[in-house]
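Structure below is start.csv: CSV, C-alpha atoms and all ligand atoms.
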```
chain,number,residue,atom,x,y,z
A,1,MET,CA,54.6,143.1,90.3
A,2,GLY,CA,55.6,145.1,87.2
A,3,ILE,CA,56.8,143.3,84.2
A,4,VAL,CA,60.2,144.8,83.1
A,5,ILE,CA,60.9,145.0,79.4
A,6,SER,CA,64.2,146.2,77.8
A,7,ILE,CA,63.7,147.7,74.4
A,8,ALA,CA,67.0,146.9,72.9
A,9,ASN,CA,69.4,146.5,70.0
A,10,HIS,CA,73.0,147.7,70.0
A,11,LYS,CA,72.4,149.3,66.6
A,12,GLY,CA,71.3,152.9,66.6
A,13,GLY,CA,68.5,154.4,64.7
A,14,VAL,CA,66.4,151.3,64.4
A,15,GLY,CA,63.3,152.6,66.4
A,16,LYS,CA,64.1,151.6,70.0
A,17,THR,CA,63.2,155.0,71.5
A,18,THR,CA,60.2,155.4,69.2
A,19,THR,CA,59.0,152.0,70.4
A,20,ALA,CA,59.6,152.6,74.1
A,21,VAL,CA,57.7,155.9,74.0
A,22,ASN,CA,54.7,154.8,71.9
A,23,LEU,CA,54.4,151.4,73.4
A,24,SER,CA,54.3,153.0,76.9
A,25,ALA,CA,51.7,155.5,75.7
A,26,GLY,CA,49.7,152.6,74.2
A,27,LEU,CA,49.8,150.6,77.4
A,28,SER,CA,48.8,153.6,79.5
A,29,ARG,CA,45.8,154.2,77.2
A,30,LEU,CA,44.8,150.6,77.9
A,31,GLY,CA,44.7,151.5,81.6
A,32,TYR,CA,48.0,150.0,82.7
A,33,LYS,CA,50.4,151.9,85.0
A,34,VAL,CA,53.7,152.4,83.2
A,35,LEU,CA,57.2,153.6,84.1
A,36,VAL,CA,59.7,154.4,81.3
A,37,ILE,CA,63.3,154.3,82.2
A,38,ASP,CA,65.6,156.2,79.8
A,39,SER,CA,68.9,154.5,80.0
A,40,ASP,CA,70.5,156.1,76.9
A,41,PRO,CA,72.8,159.0,77.7
A,42,GLN,CA,71.4,160.7,74.5
A,43,ALA,CA,68.2,161.1,76.5
A,44,ASN,CA,66.0,160.8,73.4
A,45,ALA,CA,63.1,159.2,75.2
A,46,THR,CA,63.2,162.0,77.9
A,47,PHE,CA,63.0,164.6,75.1
A,48,ALA,CA,60.4,162.7,73.1
A,49,LEU,CA,58.1,162.7,76.1
A,50,GLY,CA,58.4,166.5,76.2
A,51,LEU,CA,60.9,166.9,79.0
A,52,GLY,CA,64.1,169.0,79.0
A,53,LYS,CA,67.2,168.3,81.1
A,54,GLN,CA,66.3,167.0,84.6
A,55,GLU,CA,68.5,167.5,87.7
A,56,LYS,CA,67.3,164.2,89.2
A,57,ASN,CA,67.9,161.4,86.7
A,58,LEU,CA,69.1,157.8,86.3
A,59,TYR,CA,72.7,158.8,86.7
A,60,GLN,CA,72.3,159.5,90.5
A,61,THR,CA,70.7,156.1,90.9
A,62,LEU,CA,73.4,154.2,89.1
A,63,ALA,CA,76.4,156.2,90.2
A,64,PHE,CA,75.5,157.2,93.8
A,65,GLN,CA,72.8,154.6,94.6
A,66,ASP,CA,70.2,157.4,95.2
A,67,ALA,CA,66.7,155.8,95.4
A,68,ILE,CA,65.2,155.5,92.0
A,69,SER,CA,61.9,156.7,93.3
A,70,LYS,CA,63.5,160.2,93.8
A,71,ALA,CA,64.1,160.5,90.0
A,72,ILE,CA,60.6,159.6,88.9
A,73,ILE,CA,58.7,162.3,87.1
A,74,PRO,CA,55.0,162.1,86.0
A,75,VAL,CA,54.4,163.0,82.3
A,76,ASN,CA,51.0,162.7,80.6
A,77,GLN,CA,49.6,159.4,81.9
A,78,LEU,CA,53.1,157.9,82.3
A,79,GLU,CA,56.0,158.2,84.7
A,80,ILE,CA,59.6,158.4,83.6
A,81,VAL,CA,63.1,158.2,85.1
A,82,PRO,CA,64.9,160.6,82.8
A,83,SER,CA,68.4,160.2,81.4
A,84,SER,CA,71.4,162.5,81.5
A,85,VAL,CA,74.5,162.8,79.4
A,86,HIS,CA,76.5,161.9,82.5
A,87,LEU,CA,75.2,158.4,82.2
A,88,ALA,CA,78.0,157.8,79.7
A,89,ALA,CA,80.4,157.8,82.6
A,90,PHE,CA,78.7,154.8,84.1
A,91,GLU,CA,79.9,152.7,81.1
A,92,LYS,CA,83.5,153.4,82.2
A,93,ASN,CA,83.6,153.2,86.0
A,94,ASN,CA,85.1,150.2,87.6
A,95,GLU,CA,82.6,149.5,90.4
A,96,ILE,CA,82.3,145.8,91.1
A,97,GLY,CA,78.8,144.4,90.2
A,98,LYS,CA,77.6,147.7,88.8
A,99,GLU,CA,75.4,145.9,86.3
A,100,PHE,CA,73.2,144.7,89.2
A,101,ILE,CA,72.4,148.2,90.7
A,102,LEU,CA,69.4,148.8,88.4
A,103,GLN,CA,67.9,145.4,89.2
A,104,GLU,CA,68.3,146.1,93.0
A,105,GLN,CA,66.9,149.6,92.7
A,106,LEU,CA,63.8,148.5,90.8
A,107,LEU,CA,62.8,146.2,93.6
A,108,GLU,CA,61.7,149.3,95.5
A,109,VAL,CA,59.2,150.5,92.9
A,110,LYS,CA,58.3,147.4,90.9
A,111,ASP,CA,55.0,146.9,92.7
A,112,ASN,CA,53.7,150.3,91.8
A,113,TYR,CA,53.5,149.5,88.1
A,114,ASP,CA,52.1,147.0,85.6
A,115,PHE,CA,54.9,147.6,83.1
A,116,ILE,CA,58.4,149.1,83.3
A,117,LEU,CA,59.9,149.8,79.9
A,118,ILE,CA,63.7,150.5,79.6
A,119,ASP,CA,64.9,152.4,76.5
A,120,CYS,CA,68.4,151.0,76.0
A,121,PRO,CA,71.3,152.8,74.4
A,122,PRO,CA,72.8,151.7,71.1
A,123,SER,CA,75.7,149.8,72.6
A,124,LEU,CA,76.6,146.5,74.3
A,125,GLY,CA,78.1,148.2,77.3
A,126,ALA,CA,77.2,148.3,81.0
A,127,LEU,CA,74.0,150.3,80.5
A,128,THR,CA,72.5,147.7,78.2
A,129,VAL,CA,73.8,144.8,80.4
A,130,SER,CA,72.2,146.6,83.4
A,131,ALA,CA,68.9,146.9,81.7
A,132,LEU,CA,68.9,143.3,80.6
A,133,THR,CA,69.9,142.1,84.1
A,134,ALA,CA,66.9,144.0,85.5
A,135,SER,CA,64.4,142.7,82.9
A,136,ASP,CA,62.0,139.9,82.6
A,137,TYR,CA,62.0,140.3,78.8
A,138,ALA,CA,63.9,141.8,75.9
A,139,LEU,CA,62.1,143.3,73.0
A,140,ILE,CA,64.5,143.4,70.1
A,141,VAL,CA,63.8,146.2,67.6
A,142,LEU,CA,65.2,146.0,64.1
A,143,GLN,CA,64.8,147.4,60.6
A,144,PRO,CA,64.6,145.2,57.6
A,145,GLU,CA,68.1,145.7,56.5
A,146,PRO,CA,70.9,143.1,56.0
A,147,LEU,CA,73.3,144.8,58.5
A,148,SER,CA,70.6,145.1,61.1
A,149,ILE,CA,69.7,141.5,60.9
A,150,GLN,CA,73.4,140.5,61.0
A,151,GLY,CA,73.8,142.6,64.1
A,152,MET,CA,70.8,141.0,65.8
A,153,THR,CA,72.5,137.6,65.7
A,154,GLU,CA,75.3,139.1,67.7
A,155,PHE,CA,72.8,140.7,70.1
A,156,VAL,CA,71.0,137.4,70.7
A,157,LYS,CA,74.4,135.9,71.8
A,158,ILE,CA,74.8,138.7,74.4
A,159,LEU,CA,71.3,138.0,75.7
A,160,ARG,CA,72.1,134.4,76.2
A,161,THR,CA,75.3,135.3,78.1
A,162,VAL,CA,73.4,137.7,80.4
A,163,LYS,CA,70.8,135.0,81.0
A,164,THR,CA,73.4,132.5,81.9
A,165,ARG,CA,75.6,134.7,84.0
A,166,MET,CA,73.4,137.4,85.5
A,167,ASN,CA,69.7,136.9,85.1
A,168,PRO,CA,68.2,133.5,84.5
A,169,ASP,CA,64.7,135.0,84.3
A,170,LEU,CA,65.5,136.9,81.1
A,171,ASP,CA,63.6,135.8,78.0
A,172,ILE,CA,63.2,137.3,74.5
A,173,LEU,CA,59.7,138.7,74.2
A,174,GLY,CA,60.0,139.1,70.5
A,175,LEU,CA,61.6,140.7,67.4
A,176,LEU,CA,59.9,143.9,66.2
A,177,VAL,CA,60.3,145.0,62.6
A,178,THR,CA,60.1,148.8,62.3
A,179,SER,CA,60.2,151.3,59.4
A,180,PHE,CA,58.7,148.5,57.2
A,181,ASP,CA,57.7,149.1,53.6
A,182,SER,CA,55.8,146.2,52.1
A,183,ARG,CA,56.3,147.6,48.6
A,184,THR,CA,60.1,147.2,48.9
A,185,LYS,CA,61.3,143.8,47.5
A,186,LEU,CA,64.2,143.7,49.9
A,187,HIS,CA,62.0,144.4,52.9
A,188,LYS,CA,59.7,141.5,51.9
A,189,GLU,CA,62.6,139.1,51.4
A,190,LEU,CA,64.2,140.0,54.7
A,191,LEU,CA,60.9,139.6,56.5
A,192,GLU,CA,60.4,136.2,55.0
A,193,TYR,CA,63.9,135.2,56.1
A,194,LEU,CA,63.3,136.5,59.7
A,195,GLU,CA,60.0,134.6,59.9
A,196,LYS,CA,61.6,131.4,58.6
A,197,GLU,CA,64.5,131.7,61.0
A,198,TYR,CA,62.8,133.1,64.2
A,199,LYS,CA,59.2,131.9,63.5
A,200,ASP,CA,56.7,133.1,66.2
A,201,MET,CA,59.3,135.2,67.9
A,202,VAL,CA,58.7,137.9,65.2
A,203,PHE,CA,55.8,140.1,66.2
A,204,LYS,CA,52.9,139.8,63.8
A,205,THR,CA,52.6,143.6,64.0
A,206,LYS,CA,55.1,145.4,61.7
A,207,ILE,CA,55.6,149.1,62.3
A,208,ARG,CA,55.3,150.8,58.9
A,209,SER,CA,57.5,153.7,57.8
A,210,ASN,CA,55.4,156.7,58.6
A,211,ILE,CA,56.3,160.4,58.7
A,212,SER,CA,53.9,161.1,61.5
A,213,ILE,CA,56.3,159.2,63.8
A,214,PRO,CA,59.3,161.6,63.6
A,215,GLU,CA,56.9,164.5,63.5
A,216,ALA,CA,55.3,163.5,66.8
A,217,GLN,CA,58.8,163.2,68.4
A,218,SER,CA,59.8,166.6,67.3
A,219,MET,CA,56.6,167.9,69.0
A,220,GLY,CA,57.4,166.0,72.3
A,221,GLN,CA,54.2,164.0,71.8
A,222,ASP,CA,53.4,160.3,71.4
A,223,ILE,CA,51.9,159.1,68.2
A,224,PHE,CA,48.3,158.7,69.6
A,225,GLN,CA,48.3,162.4,70.7
A,226,TYR,CA,49.9,163.8,67.6
A,227,ALA,CA,48.2,161.8,64.8
A,228,PRO,CA,45.6,159.4,66.2
A,229,ASN,CA,44.5,158.3,62.7
A,230,SER,CA,47.9,157.7,61.2
A,231,PRO,CA,49.4,154.3,60.2
A,232,GLY,CA,51.9,154.8,63.0
A,233,SER,CA,49.1,155.1,65.6
A,234,GLU,CA,47.4,152.1,64.2
A,235,ASP,CA,50.6,150.0,64.2
A,236,TYR,CA,51.7,150.9,67.7
A,237,PHE,CA,48.2,150.2,69.1
A,238,SER,CA,48.2,146.8,67.4
A,239,LEU,CA,51.7,146.2,68.9
A,240,THR,CA,50.5,147.2,72.3
A,241,LYS,CA,47.6,144.6,72.2
A,242,GLU,CA,49.9,141.9,70.8
A,243,LEU,CA,52.5,142.5,73.5
A,244,VAL,CA,49.8,142.3,76.3
A,245,ALA,CA,48.6,139.0,74.8
A,246,ARG,CA,52.2,137.7,74.8
A,247,VAL,CA,53.0,138.5,78.4
A,248,THR,CA,49.7,137.5,79.8
A,249,GLY,CA,49.5,134.4,77.6
A,250,ASP,CA,45.9,135.3,76.4
B,301,LIG,N1,58.2,153.7,61.7
B,301,LIG,C1,58.9,154.8,61.5
B,301,LIG,N2,58.7,155.6,60.4
B,301,LIG,C2,59.4,156.7,60.1
B,301,LIG,N3,60.4,157.1,60.9
B,301,LIG,C3,60.7,156.4,62.0
B,301,LIG,C4,60.0,155.2,62.4
B,301,LIG,N4,60.5,154.7,63.5
B,301,LIG,C5,61.5,155.5,63.9
B,301,LIG,N5,61.7,156.5,63.0
B,301,LIG,C6,62.6,157.6,63.1
B,301,LIG,O1,63.9,157.1,62.9
B,301,LIG,C7,64.8,157.8,63.8
B,301,LIG,C8,65.5,156.8,64.7
B,301,LIG,O2,64.5,156.2,65.6
B,301,LIG,P1,64.8,156.0,67.2
B,301,LIG,O3,63.6,155.4,67.7
B,301,LIG,O4,65.4,157.2,67.8
B,301,LIG,O5,65.9,154.8,67.1
B,301,LIG,P2,66.9,154.3,68.2
B,301,LIG,O6,66.3,154.6,69.5
B,301,LIG,O7,67.0,152.8,67.9
B,301,LIG,O8,68.2,154.9,68.0
B,301,LIG,C9,64.0,158.8,64.5
B,301,LIG,O9,64.2,160.1,63.9
B,301,LIG,C10,62.6,158.3,64.4
B,301,LIG,O10,61.7,159.4,64.4
B,302,MG,MG,67.2,155.6,71.1
```

Represent the structure contained in this file as structure tokens.
Ligand SMILES: Nc1ncnc2c1ncn2[C@@H]1O[C@H](COP(=O)(O)OP(=O)(O)O)[C@@H](O)[C@H]1O
Ligand SMILES: [Mg+2]
Amino acid sequence: MGIVISIANHKGGVGKTTTAVNLSAGLSRLGYKVLVIDSDPQANATFALGLGKQEKNLYQTLAFQDAISKAIIPVNQLEIVPSSVHLAAFEKNNEIGKEFILQEQLLEVKDNYDFILIDCPPSLGALTVSALTASDYALIVLQPEPLSIQGMTEFVKILRTVKTRMNPDLDILGLLVTSFDSRTKLHKELLEYLEKEYKDMVFKTKIRSNISIPEAQSMGQDIFQYAPNSPGSEDYFSLTKELVARVTGD
């Protein structure tokens, strides 16, 4: 049974998509079978994995209950359910219980994968709530900035509400600090604060700020393909191993 992980934070530009793409690539390199679900109408994960606009995508699944299996596309060693700009309409429709559709749909394909990673949009709307409702874990991505840390407290409250009202199985897998620069005093101070406040919830791996990361995205490649010896590659591989240890309890 695949483990479903939402890569989330309602703040944009913190590294969610980067993490969804490179963590998926890392897991598939370790031999795991991985499905990425792009649930952001901006479709950044779809493009970062080298795909253009796709006719079959998550919108048909959420809006018309088309089987999710029909929208799955193989790319490199992964599989992806692409996004579409039309997904934005899902946030607004009034269908009762719409936040449970993704959870229901995943039942059909869950057994085919070891991991299912959902790249969430930068909002607290129905798409993020759907992803969290369908997930075993949330991986919260944040940058070491005061506003990002403030926003996270708000996000943790939403997670608790989803757990109480919609998905009792939901747990926080961890907090991942990205774009980290250990030479910056503010970054060091904020990391100390996070580790004091959230203790072991903070992943030991920090993703350093590294130019190879946006470069890889612009080439439609993951970091391991584009720059295997870069700090970005080293950090995402270390995160992959730490995540596997966390979910398997090793
Ligand atoms: N560790 C990093 N070092 C340098 N740039 C990064 C890093 N992580 C993400 N970025 C860049 O920051 C931008 C926002 O990242 P993204 O993953 O799209 O954030 P989100 O999905 O949270 O909106 C992208 O251009 C991405 O390439
Ligand atoms: Mg994104």

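All protein, DNA and RNA residues at most 7 Å from (54.9, 163.2, 74.3) are Ala48, Leu49, Gly50, Gly220, Gln221 and Asp222 of chain A, using only C-alpha atoms.
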
Restricting the output to C-alpha atoms, write the selected residues as a short mmCIF file (atom, residue, chain, number, x, y, z; two decimals), keeping the file's coordinate frame.
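Saved to out_10.cif:
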```cif
data_model
loop_
_atom_site.label_atom_id
_atom_site.label_comp_id
_atom_site.auth_asym_id
_atom_site.auth_seq_id
_atom_site.Cartn_x
_atom_site.Cartn_y
_atom_site.Cartn_z
CA ALA A 48 60.40 162.70 73.10
CA LEU A 49 58.10 162.70 76.10
CA GLY A 50 58.40 166.50 76.20
CA GLY A 220 57.40 166.00 72.30
CA GLN A 221 54.20 164.00 71.80
CA ASP A 222 53.40 160.30 71.40
#
```

(Q) List as a PyMOL selection string the protein and nucleic acid residues lying within 7 Å of ligand MG 302 (chain B), with all atoms listed in the file counted. (A) chain A and resi 12-13+15-17+40+44-45+119-122

In Å and to one decimal, atom CA of Glu104 of chain A is distant from atom CA of Pro168 of chain A by 15.2 Å

Which neighbours of Leu117 of chain A fall inside 9 Å, counting all atoms listed in the file, when residues of the same chain fewer than 6 positions from it are skipped, and could you give them as JSON, numbers by chain?
-> {"A": [3, 4, 5, 6, 7, 20, 21, 23, 24, 34, 35, 36, 37, 38, 135]}

Note to self: Which residues are close to Pro146 of chain A, i.e. within 10 Å by all atoms listed in the file, leaving aside same-chain residues fewer than 2 positions away? Reply as a PyMOL selection string.
What the structure shows: chain A and resi 143-144+148-151+186-187+190

The residue from A:Pro74, A:Pro41, A:Gly2, A:Pro228 with the smallest atom-to-atom distance to ligand LIG 301 (chain B), counting all atoms listed in the file, is A:Pro41

As a check of understanding: the span from atom CA of Glu154 of chain A to atom CA of Leu58 of chain A is 27.1 Å

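Taking atom N1 of ligand LIG 301 (chain B) and atom CA of Asn210 of chain A as endpoints, the distance between them is 5.1 Å.
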
If you count all atoms listed in the file, the residue of A:Ile118, A:Leu124, A:Thr19, A:Asp66 closest to Leu175 of chain A turns out to be A:Thr19

- [ ] Go through A:Asn112, A:Thr240, A:Asn167, A:Ser123 and flag the residue nearest ligand LIG 301 (chain B), using only C-alpha atoms and all ligand atoms for the distances.
- [x]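 Residue with the minimum atom-to-atom distance to ligand LIG 301 (chain B): A:Ser123.
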
Using 5 Å of padding on each side, determine the axis-aligned box around all atoms of segment 91-103 of chain A present in the file and give its centre and edge lengths in Å to one decimal, as JSON.
```
{"center_x": 76.5, "center_y": 148.9, "center_z": 86.1, "size_x": 27.2, "size_y": 19.0, "size_z": 20.0}
```

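Minimum atom-to-atom distance to ligand LIG 301 (chain B), evaluated using all atoms listed in the file, belongs to A:Leu142 out of A:Val156, A:Ile96, A:Leu62, A:Leu142.
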
Set the distance at 7 Å and use only C-alpha atoms: which residues neighbour Ile72 of chain A once local chain neighbours fewer than 5 positions away are removed? I'd like the list as a count of residues only. 3

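In this comparison, which uses only C-alpha atoms and all ligand atoms, the residue of A:Asn9, A:Gln77, A:Gln65, A:Ser230 approaching ligand LIG 301 (chain B) most closely is A:Asn9.
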
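For the choices A:Tyr32, A:Phe203, A:Phe47, A:Phe115, the atom-to-atom distance to ligand LIG 301 (chain B) is smallest for A:Phe47 when using all atoms listed in the file.
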
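The point (75.9, 154.7, 93.5) has these residues within 12 Å of it when only C-alpha atoms are used: Leu58, Tyr59, Gln60, Thr61, Leu62, Ala63, Phe64, Gln65, Asp66, Ala67, Ile68, Leu87, Phe90, Asn93, Asn94, Glu95, Ile96, Gly97, Lys98, Glu99, Phe100, Ile101, Leu102, Glu104 and Gln105 of chain A.
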